[in-house]
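Undergrad: Next comes the structure file final33.cif, holding mmCIF, C-alpha atoms.
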data_model
#
loop_
_atom_site.label_atom_id
_atom_site.label_comp_id
_atom_site.auth_asym_id
_atom_site.auth_seq_id
_atom_site.Cartn_x
_atom_site.Cartn_y
_atom_site.Cartn_z
CA MET A 194 0.00 0.00 0.00
CA ASN A 195 1.16 3.55 -0.74
CA LYS A 196 3.19 4.85 2.21
CA ARG A 197 1.48 8.24 2.01
CA VAL A 198 -1.64 6.54 3.39
CA TYR A 199 0.13 6.24 6.75
CA LEU A 200 1.11 9.92 6.71
CA LEU A 201 -2.56 10.80 6.23
CA ALA A 202 -3.38 8.46 9.11
CA ILE A 203 -1.02 10.50 11.31
CA VAL A 204 -2.92 13.67 10.41
CA SER A 205 -6.22 11.98 11.25
CA PHE A 206 -4.65 10.81 14.52
CA VAL A 207 -3.97 14.40 15.60
CA VAL A 208 -7.44 15.62 14.56
CA GLY A 209 -9.04 12.65 16.32
CA MET A 210 -7.38 13.60 19.58
CA VAL A 211 -8.75 17.13 19.71
CA GLU A 212 -12.28 16.00 18.91
CA LEU A 213 -12.54 13.08 21.30
CA ILE A 214 -10.29 14.01 24.20
CA ILE A 215 -12.71 16.57 25.65
CA GLY A 216 -15.10 13.77 26.61
CA GLY A 217 -12.59 12.40 29.07
CA LEU A 218 -11.96 15.83 30.59
CA LEU A 219 -15.55 16.96 31.12
CA ASP A 220 -15.42 17.01 34.91
CA LEU A 221 -12.10 18.89 34.95
CA VAL A 222 -13.32 21.50 32.46
CA ALA A 223 -16.63 21.91 34.28
CA GLU A 224 -14.92 22.48 37.62
CA ASP A 225 -12.26 24.87 36.30
CA LEU A 226 -14.64 27.03 34.22
CA ASN A 227 -17.50 26.78 36.72
CA VAL A 228 -20.04 25.20 34.36
CA SER A 229 -22.21 22.08 34.57
CA LEU A 230 -21.33 18.70 33.04
CA GLY A 231 -24.01 19.29 30.43
CA GLN A 232 -22.47 22.63 29.47
CA ALA A 233 -19.03 21.04 29.31
CA GLY A 234 -20.52 18.33 27.11
CA PHE A 235 -21.77 21.08 24.77
CA LEU A 236 -18.11 21.60 23.84
CA MET A 237 -18.39 18.27 22.00
CA THR A 238 -21.71 19.28 20.46
CA ILE A 239 -20.47 22.62 19.09
CA PHE A 240 -17.30 20.98 17.77
CA SER A 241 -19.30 18.39 15.86
CA ILE A 242 -21.81 20.92 14.49
CA ALA A 243 -18.99 23.11 13.19
CA PHE A 244 -17.22 20.02 11.85
CA ALA A 245 -20.32 18.86 9.96
CA ILE A 246 -21.14 22.25 8.44
CA ALA A 247 -17.61 23.31 7.54
CA ALA A 248 -16.42 20.22 5.65
CA PRO A 249 -18.52 20.46 2.44
CA ILE A 250 -18.33 24.26 2.36
CA LEU A 251 -14.57 24.52 2.81
CA LEU A 252 -13.90 21.68 0.37
CA THR A 253 -15.87 23.61 -2.28
CA VAL A 254 -14.32 27.00 -1.50
CA THR A 255 -10.80 25.54 -1.67
CA GLN A 256 -11.41 23.46 -4.79
CA LYS A 257 -8.56 25.00 -6.79
CA VAL A 258 -5.90 24.82 -4.09
CA GLU A 259 -3.22 22.15 -4.45
CA ARG A 260 -3.86 19.47 -1.82
CA LYS A 261 -0.50 19.53 -0.03
CA ARG A 262 -0.58 23.32 0.33
CA LEU A 263 -4.18 23.20 1.54
CA THR A 264 -3.30 20.53 4.09
CA LEU A 265 -0.49 22.68 5.49
CA ILE A 266 -2.74 25.75 5.73
CA SER A 267 -5.45 23.72 7.44
CA LEU A 268 -2.96 22.29 9.93
CA PHE A 269 -1.79 25.81 10.81
CA VAL A 270 -5.36 27.00 11.47
CA PHE A 271 -5.92 23.82 13.49
CA PHE A 272 -2.83 24.71 15.53
CA VAL A 273 -4.21 28.20 16.20
CA GLY A 274 -7.50 26.74 17.44
CA ASN A 275 -5.71 24.56 19.95
CA VAL A 276 -3.53 27.42 21.17
CA VAL A 277 -6.74 29.39 21.80
CA ALA A 278 -8.02 26.46 23.88
CA VAL A 279 -4.80 26.36 25.89
CA PHE A 280 -5.03 30.03 26.89
CA SER A 281 -8.82 30.41 27.09
CA PRO A 282 -9.76 32.11 30.39
CA TYR A 283 -13.51 31.70 29.90
CA TYR A 284 -15.94 29.07 28.64
CA SER A 285 -16.94 31.32 25.70
CA ILE A 286 -13.31 31.63 24.51
CA LEU A 287 -12.90 27.86 24.72
CA LEU A 288 -16.01 27.50 22.55
CA ILE A 289 -14.39 29.75 19.92
CA GLY A 290 -11.21 27.67 20.02
CA ARG A 291 -13.28 24.51 19.54
CA ILE A 292 -15.03 26.00 16.52
CA ILE A 293 -11.71 26.98 14.91
CA SER A 294 -10.28 23.50 15.55
CA ALA A 295 -13.44 21.81 14.26
CA SER A 296 -13.65 23.81 11.04
CA SER A 297 -10.02 23.21 10.10
CA GLY A 298 -10.12 19.63 11.37
CA SER A 299 -13.17 18.85 9.22
CA LEU A 300 -11.32 19.97 6.12
CA LEU A 301 -8.27 17.92 7.13
CA ILE A 302 -10.30 14.71 7.50
CA ALA A 303 -12.13 15.38 4.24
CA LEU A 304 -8.78 15.91 2.51
CA CYS A 305 -7.37 12.71 4.00
CA LEU A 306 -10.35 10.67 2.81
CA THR A 307 -10.44 12.12 -0.69
CA MET A 308 -6.68 11.88 -1.16
CA VAL A 309 -6.37 8.35 0.20
CA SER A 310 -8.96 6.95 -2.20
CA SER A 311 -7.07 8.44 -5.15
CA ILE A 312 -3.54 7.24 -4.28
CA VAL A 313 -4.28 3.51 -3.87
CA GLU A 314 -5.50 0.78 -6.18
CA GLU A 315 -9.21 0.01 -6.04
CA LYS A 316 -8.64 -3.40 -4.42
CA TYR A 317 -6.99 -1.67 -1.43
CA ARG A 318 -9.57 1.13 -1.14
CA ALA A 319 -11.53 -0.11 1.87
CA ARG A 320 -8.35 -1.01 3.72
CA ALA A 321 -6.78 2.37 2.93
CA ILE A 322 -9.87 4.14 4.25
CA ALA A 323 -9.69 1.91 7.31
CA VAL A 324 -6.06 2.94 7.87
CA VAL A 325 -7.05 6.63 7.90
CA PHE A 326 -9.81 5.92 10.40
CA MET A 327 -7.39 3.81 12.40
CA GLY A 328 -5.44 7.03 12.81
CA VAL A 329 -8.46 8.46 14.64
CA SER A 330 -8.95 5.31 16.67
CA ALA A 331 -5.22 5.22 17.46
CA SER A 332 -5.69 8.61 19.09
CA LEU A 333 -7.94 6.74 21.53
CA VAL A 334 -5.22 4.21 22.31
CA LEU A 335 -2.36 6.65 22.84
CA GLY A 336 -3.66 10.21 22.79
CA ILE A 337 -6.67 10.07 25.06
CA PRO A 338 -5.18 7.97 27.91
CA ILE A 339 -2.02 10.10 27.86
CA GLY A 340 -4.16 13.22 27.64
CA LEU A 341 -6.22 12.09 30.62
CA MET A 342 -3.08 11.46 32.65
CA LEU A 343 -1.74 14.89 31.69
CA GLY A 344 -5.09 16.44 32.51
CA ASN A 345 -5.27 14.79 35.92
CA ALA A 346 -1.68 15.77 36.70
CA PHE A 347 -1.41 19.28 35.22
CA GLY A 348 -4.97 20.42 34.43
CA TRP A 349 -7.24 20.03 31.41
CA ARG A 350 -5.21 22.50 29.30
CA ALA A 351 -2.13 20.27 29.25
CA PRO A 352 -3.49 17.81 26.64
CA PHE A 353 -4.14 20.72 24.26
CA VAL A 354 -0.49 21.74 24.64
CA MET A 355 0.44 18.21 23.56
CA ILE A 356 -1.95 18.37 20.59
CA SER A 357 -0.51 21.73 19.51
CA PHE A 358 3.00 20.26 19.50
CA LEU A 359 1.88 17.20 17.52
CA THR A 360 0.20 19.47 14.99
CA LEU A 361 3.55 21.14 14.32
CA VAL A 362 5.15 17.70 13.90
CA SER A 363 2.38 16.78 11.41
CA MET A 364 3.03 19.95 9.44
CA ALA A 365 6.69 18.98 9.12
CA GLY A 366 5.76 15.48 7.95
CA VAL A 367 3.34 16.78 5.32
CA HIS A 368 5.87 19.37 4.10
CA PHE A 369 8.67 16.86 3.59
CA PHE A 370 6.88 13.63 2.63
CA LEU A 371 3.40 14.11 1.18
CA GLY A 372 4.31 15.37 -2.27
CA ASN A 373 2.11 17.49 -4.52
CA ILE A 374 -1.39 16.18 -5.17
CA PRO A 375 -3.43 18.11 -7.77
CA PRO A 376 -6.97 19.06 -6.75
CA LYS A 377 -9.99 17.45 -8.33
CA PRO A 378 -12.70 19.74 -9.71
CA ALA A 379 -15.06 20.46 -6.82
CA ILE A 380 -18.76 19.81 -7.17
CA PRO A 381 -21.14 22.57 -5.99
CA ILE A 382 -22.90 21.95 -2.67
CA GLY A 383 -26.29 21.99 -4.39
CA ILE A 384 -25.28 19.07 -6.60
CA GLN A 385 -23.80 17.30 -3.57
CA LEU A 386 -27.10 17.53 -1.74
CA ARG A 387 -29.04 16.40 -4.81
CA THR A 388 -27.24 13.06 -4.61
CA LEU A 389 -29.41 12.44 -1.53
CA LYS A 390 -32.37 11.99 -3.89
CA ASN A 391 -30.98 8.50 -4.22
CA ARG A 392 -33.03 6.69 -1.57
CA LYS A 393 -30.32 4.15 -0.81
CA ILE A 394 -27.70 6.86 -0.30
CA LEU A 395 -29.98 8.99 1.88
CA LEU A 396 -30.82 6.03 4.12
CA VAL A 397 -27.24 4.89 4.58
CA GLN A 398 -26.19 8.46 5.41
CA LEU A 399 -28.98 8.49 7.99
CA THR A 400 -27.65 5.18 9.28
CA SER A 401 -24.27 6.79 9.98
CA LEU A 402 -25.92 9.79 11.63
CA ILE A 403 -28.17 7.74 13.92
CA PHE A 404 -25.46 5.16 14.70
CA LEU A 405 -23.05 7.87 15.87
CA ALA A 406 -25.83 9.60 17.82
CA GLY A 407 -26.39 6.40 19.75
CA HIS A 408 -22.68 5.85 20.25
CA LEU A 409 -21.99 9.37 21.60
CA THR A 410 -25.02 9.35 23.88
CA PHE A 411 -23.00 6.91 25.95
CA TYR A 412 -19.37 7.34 24.92
CA GLY A 413 -19.45 11.12 25.19
CA TYR A 414 -20.17 10.71 28.91
CA LEU A 415 -18.08 7.63 29.58
CA THR A 416 -15.94 9.41 32.21
CA PRO A 417 -18.87 10.43 34.46
CA PHE A 418 -20.36 6.96 33.92
CA LEU A 419 -17.14 5.32 35.13
CA LYS A 420 -16.77 7.66 38.10
CA LEU A 421 -20.40 7.86 39.22
CA GLU A 422 -21.68 4.37 38.40
CA MET A 423 -18.53 2.33 38.96
CA GLY A 424 -16.61 4.47 41.44
CA LEU A 425 -13.39 4.47 39.39
CA ASP A 426 -10.68 7.08 39.95
CA GLY A 427 -8.70 9.02 37.34
CA THR A 428 -6.07 6.30 36.90
CA TRP A 429 -8.66 3.60 36.24
CA VAL A 430 -10.54 5.90 33.86
CA SER A 431 -7.33 6.25 31.82
CA ILE A 432 -6.94 2.45 31.80
CA VAL A 433 -10.51 2.00 30.59
CA TYR A 434 -9.92 4.46 27.74
CA PHE A 435 -6.73 2.58 26.88
CA VAL A 436 -8.71 -0.69 26.62
CA PHE A 437 -11.34 1.12 24.55
CA GLY A 438 -8.69 2.50 22.21
CA ILE A 439 -6.92 -0.81 21.59
CA ALA A 440 -10.23 -2.40 20.66
CA ALA A 441 -11.11 0.60 18.44
CA VAL A 442 -7.91 0.27 16.44
CA ALA A 443 -8.57 -3.43 15.96
CA GLY A 444 -12.16 -2.71 14.99
CA GLY A 445 -11.22 -0.22 12.28
CA GLY A 446 -8.86 -2.70 10.65
CA ILE A 447 -11.25 -5.63 11.03
CA GLY A 448 -14.12 -3.60 9.57
CA GLY A 449 -12.15 -2.88 6.41
CA MET A 450 -11.12 -6.52 5.95
CA LEU A 451 -14.67 -7.79 6.58
CA ALA A 452 -16.09 -5.34 4.06
CA ASP A 453 -13.56 -6.43 1.43
CA ARG A 454 -14.09 -10.14 2.09
CA PHE A 455 -17.79 -10.54 2.96
CA GLY A 456 -19.30 -7.46 1.40
CA THR A 457 -20.35 -4.10 2.73
CA LYS A 458 -24.02 -4.94 3.35
CA SER A 459 -23.40 -7.99 5.54
CA THR A 460 -20.75 -6.11 7.51
CA ILE A 461 -22.97 -3.08 8.15
CA LEU A 462 -25.95 -5.14 9.31
CA SER A 463 -24.03 -7.58 11.52
CA VAL A 464 -21.94 -4.85 13.17
CA THR A 465 -25.02 -2.71 13.89
CA ILE A 466 -26.90 -5.59 15.51
CA LEU A 467 -23.99 -6.62 17.73
CA PHE A 468 -23.20 -3.01 18.62
CA GLY A 469 -26.75 -2.32 19.79
CA LEU A 470 -26.77 -5.52 21.82
CA SER A 471 -23.53 -4.57 23.56
CA MET A 472 -24.96 -1.17 24.55
CA PHE A 473 -28.05 -2.70 26.14
CA LEU A 474 -25.88 -5.15 28.11
CA ILE A 475 -23.38 -2.60 29.47
CA PRO A 476 -25.57 -1.38 32.41
CA PHE A 477 -25.75 -4.97 33.70
CA THR A 478 -21.96 -5.33 33.96
CA THR A 479 -21.08 -2.42 36.26
CA ASP A 480 -20.72 -4.70 39.30
CA SER A 481 -17.85 -6.62 37.66
CA LEU A 482 -14.97 -4.63 36.22
CA PRO A 483 -13.48 -7.56 34.21
CA ILE A 484 -16.82 -8.32 32.54
CA PHE A 485 -17.42 -4.62 31.93
CA LEU A 486 -13.99 -4.21 30.31
CA PHE A 487 -14.58 -7.25 28.09
CA LEU A 488 -17.94 -5.96 26.91
CA LEU A 489 -16.60 -2.43 26.49
CA GLY A 490 -13.84 -3.84 24.28
CA ILE A 491 -16.45 -5.45 22.03
CA TYR A 492 -18.49 -2.26 22.03
CA SER A 493 -15.41 -0.22 21.09
CA MET A 494 -14.33 -2.58 18.32
CA LEU A 495 -17.79 -2.53 16.75
CA SER A 496 -18.09 1.25 17.02
CA TRP A 497 -15.21 1.65 14.55
CA ALA A 498 -15.75 -1.48 12.45
CA ILE A 499 -18.77 -0.02 10.66
CA THR A 500 -17.07 3.05 9.16
CA PRO A 501 -14.97 1.46 6.37
CA ALA A 502 -17.98 -0.65 5.34
CA VAL A 503 -20.26 2.38 5.13
CA GLN A 504 -17.69 4.38 3.16
CA SER A 505 -17.19 1.52 0.69
CA TYR A 506 -20.95 0.94 0.38
CA LEU A 507 -21.43 4.59 -0.56
CA ILE A 508 -18.72 4.30 -3.20
CA GLU A 509 -20.49 1.22 -4.60
CA LEU A 510 -23.78 3.11 -4.79
CA SER A 511 -22.31 6.20 -6.44
CA PRO A 512 -18.80 5.55 -7.83
CA GLU A 513 -18.95 8.64 -10.02
CA ALA A 514 -19.51 10.83 -6.96
CA SER A 515 -17.45 9.00 -4.35
CA ASP A 516 -15.76 12.17 -3.08
CA ILE A 517 -19.16 13.76 -2.52
CA GLN A 518 -20.44 10.79 -0.56
CA GLN A 519 -17.35 10.60 1.65
CA THR A 520 -17.67 14.31 2.44
CA LEU A 521 -21.40 14.07 3.13
CA ASN A 522 -20.85 10.99 5.27
CA ASN A 523 -18.25 12.85 7.26
CA SER A 524 -20.86 15.56 7.87
CA ALA A 525 -23.52 12.97 8.75
CA VAL A 526 -21.17 11.35 11.26
CA HIS A 527 -20.52 14.64 13.00
CA ILE A 528 -24.15 15.70 13.03
CA GLY A 529 -24.73 12.38 14.76
CA ILE A 530 -21.92 13.09 17.24
CA ALA A 531 -23.40 16.54 17.94
CA PHE A 532 -26.90 15.16 18.42
CA GLY A 533 -25.73 12.24 20.55
CA SER A 534 -23.57 14.40 22.82
CA LEU A 535 -26.49 16.81 23.20
CA ILE A 536 -28.96 14.03 24.06
CA GLY A 537 -26.42 12.47 26.41
CA GLY A 538 -26.09 15.79 28.23
CA VAL A 539 -29.86 16.05 28.61
CA VAL A 540 -30.06 12.50 29.98
CA ILE A 541 -27.27 13.04 32.51
CA GLU A 542 -28.79 16.33 33.75
CA GLN A 543 -32.48 15.37 33.71
CA ALA A 544 -32.20 11.72 34.78
CA SER A 545 -29.02 9.72 35.40
CA VAL A 546 -25.85 8.81 33.54
CA ALA A 547 -26.81 5.18 34.22
CA LEU A 548 -29.45 5.53 31.47
CA ASN A 549 -27.08 6.83 28.79
CA PRO A 550 -26.11 3.43 27.30
CA THR A 551 -29.75 2.31 27.15
CA VAL A 552 -30.87 5.51 25.45
CA GLY A 553 -27.96 5.12 23.03
CA GLY A 554 -29.00 1.54 22.30
CA ILE A 555 -32.47 2.73 21.28
CA PHE A 556 -30.86 4.92 18.62
CA ILE A 557 -28.97 1.89 17.28
CA ILE A 558 -32.29 0.09 16.71
CA PHE A 559 -33.36 2.95 14.44
CA ALA A 560 -29.96 2.85 12.70
CA LEU A 561 -30.50 -0.83 11.94
CA GLY A 562 -33.90 0.03 10.46
CA THR A 563 -32.50 2.65 8.07
CA ALA A 564 -29.69 0.28 7.05
CA VAL A 565 -32.16 -2.49 6.22
CA LEU A 566 -34.34 -0.08 4.22
CA SER A 567 -31.30 1.14 2.29
CA MET A 568 -30.47 -2.41 1.25
CA SER A 569 -34.03 -3.55 0.52
CA LYS A 570 -35.39 -4.13 -2.96
CA LYS A 571 -37.70 -1.14 -2.54
CA GLY A 572 -34.60 1.02 -2.58
CA ALA A 573 -33.20 -0.66 -5.69
CA LYS A 574 -33.72 2.28 -7.99
CA VAL A 575 -30.56 4.33 -8.02
CA LEU A 576 -30.99 7.87 -9.25
CA SER A 577 -28.26 9.72 -11.04
CA SER A 578 -26.31 12.14 -8.91
CA GLN A 579 -27.14 14.85 -11.43
CA GLU A 580 -30.91 14.48 -11.07
#
Can you turn what I pasted into structure tokens?
TA:
Amino acid sequence: MNKRVYLLAIVSFVVGMVELIIGGLLDLVAEDLNVSLGQAGFLMTIFSIAFAIAAPILLTVTQKVERKRLTLISLFVFFVGNVVAVFSPYYSILLIGRIISASSGSLLIALCLTMVSSIVEEKYRARAIAVVFMGVSASLVLGIPIGLMLGNAFGWRAPFVMISFLTLVSMAGVHFFLGNIPPKPAIPIGIQLRTLKNRKILLVQLTSLIFLAGHLTFYGYLTPFLKLEMGLDGTWVSIVYFVFGIAAVAGGGIGGMLADRFGTKSTILSVTILFGLSMFLIPFTTDSLPIFLFLLGIYSMLSWAITPAVQSYLIELSPEASDIQQTLNNSAVHIGIAFGSLIGGVVIEQASVALNPTVGGIFIIFALGTAVLSMSKKGAKVLSSQE
């Protein structure tokens, strides 16, 4: 496989850290900035909203910019956003920093996905996409546990110092090793949205949205769940995230291989069913840490195994507009993250964090329904992306 794929995975690793690490620091941020857990959780919501909106717009606006140059510019803006977070004295300033990081980060992930599919042979496409997403999941294995330890030791700002430094390292790597990649002609947003007239495409994009909403309803508030429901301290929380991350990396790779070997449809359906089942079972394992960790590992693996299959399925449905579908799916994923983190915050403030995995599991049932409808014969008619 082209070695540049792994460089793009490093970029996705850095972006993945800044998006996901805040979930593990919610209690520290809330205490330092004197806000509630729900308000701290909104930092995930606003990040994901900005991420979802910015990606298709920025990709269109920057259509004529050479890809390497655009990646370097985006990394610099991403760096600025994290520096703002480091020095933010108020909650409102931190929100601004999150929006800057999200907007630039969304373009970086979109660039990684569109570039990676064009620099590998078709037979390696799903695995190459999986490698990029493994960069994000690898940030769970290394970045988030280390970030949590830094946060517990030096305050919640310390992980953002680390991310800022790694962004500079990424810029150096892109400058010296990526090479020039000419831009593809961008397709107007109106035409991008018209591809959703295809019933199959619309339903599978909804599947991603609802699946991630269910996932983040629980995962976005995993730290308070571990502390309040299981009585774990900061060290054990870091260990749990480490277990989660190892399983996530494995899941991303396994998802790509399953999609290539057994087909995208079978992979999407089987992963969704098992993922929903794991969420409903989690509340019954809190009395036994070993059983909980085992089930959480399965849950984590499945949460990342679906992404390569969905991306490849979208390419199968609309090969002539694969870049559009990857960008729209990226937006759908982050709308789902925003919605899930928002719902999770409502649940934790109005009821109990103990209910978050169950509420998330209900979303997964709906995700399974949209996936089945997308693959049914009733959805067999595929409309042209230009209609």
Undergrad: So that I can see what lies close to region 531-534 of chain A, please list as a VMD selection string the residues with an atom at most 9 Å from it, counting only C-alpha atoms and leaving out residues fewer than 5 positions away in the same chain.
TA: chain A and resid 234 to 235 237 to 242 245 402 to 403 405 to 414 526 539 553
Undergrad: Selection from above, C-alpha atoms, as a PDB file, in the frame of the given file, can you write it?
TA:
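The result, written out as result_31.pdb:
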ATOM      1  CA  GLY A 234     -20.520  18.330  27.110  1.00  0.00           C
ATOM      2  CA  PHE A 235     -21.770  21.080  24.770  1.00  0.00           C
ATOM      3  CA  MET A 237     -18.390  18.270  22.000  1.00  0.00           C
ATOM      4  CA  THR A 238     -21.710  19.280  20.460  1.00  0.00           C
ATOM      5  CA  ILE A 239     -20.470  22.620  19.090  1.00  0.00           C
ATOM      6  CA  PHE A 240     -17.300  20.980  17.770  1.00  0.00           C
ATOM      7  CA  SER A 241     -19.300  18.390  15.860  1.00  0.00           C
ATOM      8  CA  ILE A 242     -21.810  20.920  14.490  1.00  0.00           C
ATOM      9  CA  ALA A 245     -20.320  18.860   9.960  1.00  0.00           C
ATOM     10  CA  LEU A 402     -25.920   9.790  11.630  1.00  0.00           C
ATOM     11  CA  ILE A 403     -28.170   7.740  13.920  1.00  0.00           C
ATOM     12  CA  LEU A 405     -23.050   7.870  15.870  1.00  0.00           C
ATOM     13  CA  ALA A 406     -25.830   9.600  17.820  1.00  0.00           C
ATOM     14  CA  GLY A 407     -26.390   6.400  19.750  1.00  0.00           C
ATOM     15  CA  HIS A 408     -22.680   5.850  20.250  1.00  0.00           C
ATOM     16  CA  LEU A 409     -21.990   9.370  21.600  1.00  0.00           C
ATOM     17  CA  THR A 410     -25.020   9.350  23.880  1.00  0.00           C
ATOM     18  CA  PHE A 411     -23.000   6.910  25.950  1.00  0.00           C
ATOM     19  CA  TYR A 412     -19.370   7.340  24.920  1.00  0.00           C
ATOM     20  CA  GLY A 413     -19.450  11.120  25.190  1.00  0.00           C
ATOM     21  CA  TYR A 414     -20.170  10.710  28.910  1.00  0.00           C
ATOM     22  CA  VAL A 526     -21.170  11.350  11.260  1.00  0.00           C
ATOM     23  CA  VAL A 539     -29.860  16.050  28.610  1.00  0.00           C
ATOM     24  CA  GLY A 553     -27.960   5.120  23.030  1.00  0.00           C
TER      25      GLY A 553
END
Undergrad: I need the residue nearest Ile215 (chain A) from this list: A:Leu395, A:Leu389, A:Leu415, A:Ala346. Use only C-alpha atoms for the distance.
TA: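 Looking only at the distances to Ile215 (chain A), the closest residue turns out to be A:Leu415.
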Undergrad: Take the PyMOL selection byres ((chain A and resi 452) around 12), run it mentally on this structure, and tell me the resulting residues as a PDB file with C-alpha atoms, in the coordinates of the input.
TA:
ATOM      1  CA  LYS A 316      -8.640  -3.400  -4.420  1.00  0.00           C
ATOM      2  CA  TYR A 317      -6.990  -1.670  -1.430  1.00  0.00           C
ATOM      3  CA  ARG A 318      -9.570   1.130  -1.140  1.00  0.00           C
ATOM      4  CA  ALA A 319     -11.530  -0.110   1.870  1.00  0.00           C
ATOM      5  CA  ARG A 320      -8.350  -1.010   3.720  1.00  0.00           C
ATOM      6  CA  ILE A 322      -9.870   4.140   4.250  1.00  0.00           C
ATOM      7  CA  ALA A 323      -9.690   1.910   7.310  1.00  0.00           C
ATOM      8  CA  GLY A 444     -12.160  -2.710  14.990  1.00  0.00           C
ATOM      9  CA  GLY A 445     -11.220  -0.220  12.280  1.00  0.00           C
ATOM     10  CA  GLY A 446      -8.860  -2.700  10.650  1.00  0.00           C
ATOM     11  CA  ILE A 447     -11.250  -5.630  11.030  1.00  0.00           C
ATOM     12  CA  GLY A 448     -14.120  -3.600   9.570  1.00  0.00           C
ATOM     13  CA  GLY A 449     -12.150  -2.880   6.410  1.00  0.00           C
ATOM     14  CA  MET A 450     -11.120  -6.520   5.950  1.00  0.00           C
ATOM     15  CA  LEU A 451     -14.670  -7.790   6.580  1.00  0.00           C
ATOM     16  CA  ASP A 453     -13.560  -6.430   1.430  1.00  0.00           C
ATOM     17  CA  ARG A 454     -14.090 -10.140   2.090  1.00  0.00           C
ATOM     18  CA  PHE A 455     -17.790 -10.540   2.960  1.00  0.00           C
ATOM     19  CA  GLY A 456     -19.300  -7.460   1.400  1.00  0.00           C
ATOM     20  CA  THR A 457     -20.350  -4.100   2.730  1.00  0.00           C
ATOM     21  CA  LYS A 458     -24.020  -4.940   3.350  1.00  0.00           C
ATOM     22  CA  SER A 459     -23.400  -7.990   5.540  1.00  0.00           C
ATOM     23  CA  THR A 460     -20.750  -6.110   7.510  1.00  0.00           C
ATOM     24  CA  ILE A 461     -22.970  -3.080   8.150  1.00  0.00           C
ATOM     25  CA  LEU A 462     -25.950  -5.140   9.310  1.00  0.00           C
ATOM     26  CA  SER A 463     -24.030  -7.580  11.520  1.00  0.00           C
ATOM     27  CA  VAL A 464     -21.940  -4.850  13.170  1.00  0.00           C
ATOM     28  CA  ALA A 498     -15.750  -1.480  12.450  1.00  0.00           C
ATOM     29  CA  ILE A 499     -18.770  -0.020  10.660  1.00  0.00           C
ATOM     30  CA  THR A 500     -17.070   3.050   9.160  1.00  0.00           C
ATOM     31  CA  PRO A 501     -14.970   1.460   6.370  1.00  0.00           C
ATOM     32  CA  ALA A 502     -17.980  -0.650   5.340  1.00  0.00           C
ATOM     33  CA  VAL A 503     -20.260   2.380   5.130  1.00  0.00           C
ATOM     34  CA  GLN A 504     -17.690   4.380   3.160  1.00  0.00           C
ATOM     35  CA  SER A 505     -17.190   1.520   0.690  1.00  0.00           C
ATOM     36  CA  TYR A 506     -20.950   0.940   0.380  1.00  0.00           C
ATOM     37  CA  GLU A 509     -20.490   1.220  -4.600  1.00  0.00           C
TER      38      GLU A 509
END
Undergrad: Restricting the calculation to all atoms listed in the file: of A:Ile484, A:Val207, A:Ala247, A:Leu301, which residue gets closest to Ser471 (chain A)?
TA: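 Between A:Ile484, A:Val207, A:Ala247, A:Leu301, the residue approaching Ser471 (chain A) most closely is A:Ile484.
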Undergrad: Residues at most 10 Å from Phe487 (chain A), counting all atoms listed in the file, excluding those fewer than 6 positions away in the same chain, as a PDB file with C-alpha atoms, in the frame of the given file?
TA:
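Listed below is the output, out_25.pdb:
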ATOM      1  CA  VAL A 436      -8.710  -0.690  26.620  1.00  0.00           C
ATOM      2  CA  PHE A 437     -11.340   1.120  24.550  1.00  0.00           C
ATOM      3  CA  ALA A 440     -10.230  -2.400  20.660  1.00  0.00           C
ATOM      4  CA  THR A 478     -21.960  -5.330  33.960  1.00  0.00           C
ATOM      5  CA  SER A 493     -15.410  -0.220  21.090  1.00  0.00           C
TER       6      SER A 493
END
Undergrad: Mind pulling up the distance from CA of Thr465 (chain A) to CA of Leu561 (chain A)?
TA: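 Taking CA of Leu561 (chain A) as the start and CA of Thr465 (chain A) as the end point, the length is 6.1 Å.
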Undergrad: Starting from the incomplete input, reconstruct N, CA, C and O atoms of region 278-283 of chain A and report them as a short mmCIF file (atom, residue, chain, number, x, y, z; two decimals), keeping the file's coordinate frame.
TA:
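File part_10.cif, as written:
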data_model
loop_
_atom_site.label_atom_id
_atom_site.label_comp_id
_atom_site.auth_asym_id
_atom_site.auth_seq_id
_atom_site.Cartn_x
_atom_site.Cartn_y
_atom_site.Cartn_z
N ALA A 278 -7.50 27.30 22.79
CA ALA A 278 -8.02 26.46 23.88
C ALA A 278 -7.08 26.45 25.08
O ALA A 278 -7.52 26.52 26.23
N VAL A 279 -5.79 26.40 24.81
CA VAL A 279 -4.80 26.36 25.89
C VAL A 279 -4.89 27.61 26.77
O VAL A 279 -4.84 27.53 28.01
N PHE A 280 -5.07 28.77 26.15
CA PHE A 280 -5.03 30.03 26.89
C PHE A 280 -6.41 30.62 27.18
O PHE A 280 -6.50 31.75 27.65
N SER A 281 -7.48 29.86 26.89
CA SER A 281 -8.82 30.41 27.09
C SER A 281 -9.13 30.61 28.58
O SER A 281 -9.11 29.65 29.35
N PRO A 282 -9.45 31.85 28.99
CA PRO A 282 -9.76 32.11 30.39
C PRO A 282 -11.22 31.87 30.72
O PRO A 282 -11.59 31.72 31.89
N TYR A 283 -12.07 31.84 29.69
CA TYR A 283 -13.51 31.70 29.90
C TYR A 283 -14.07 30.59 29.01
O TYR A 283 -13.49 30.22 27.98
#
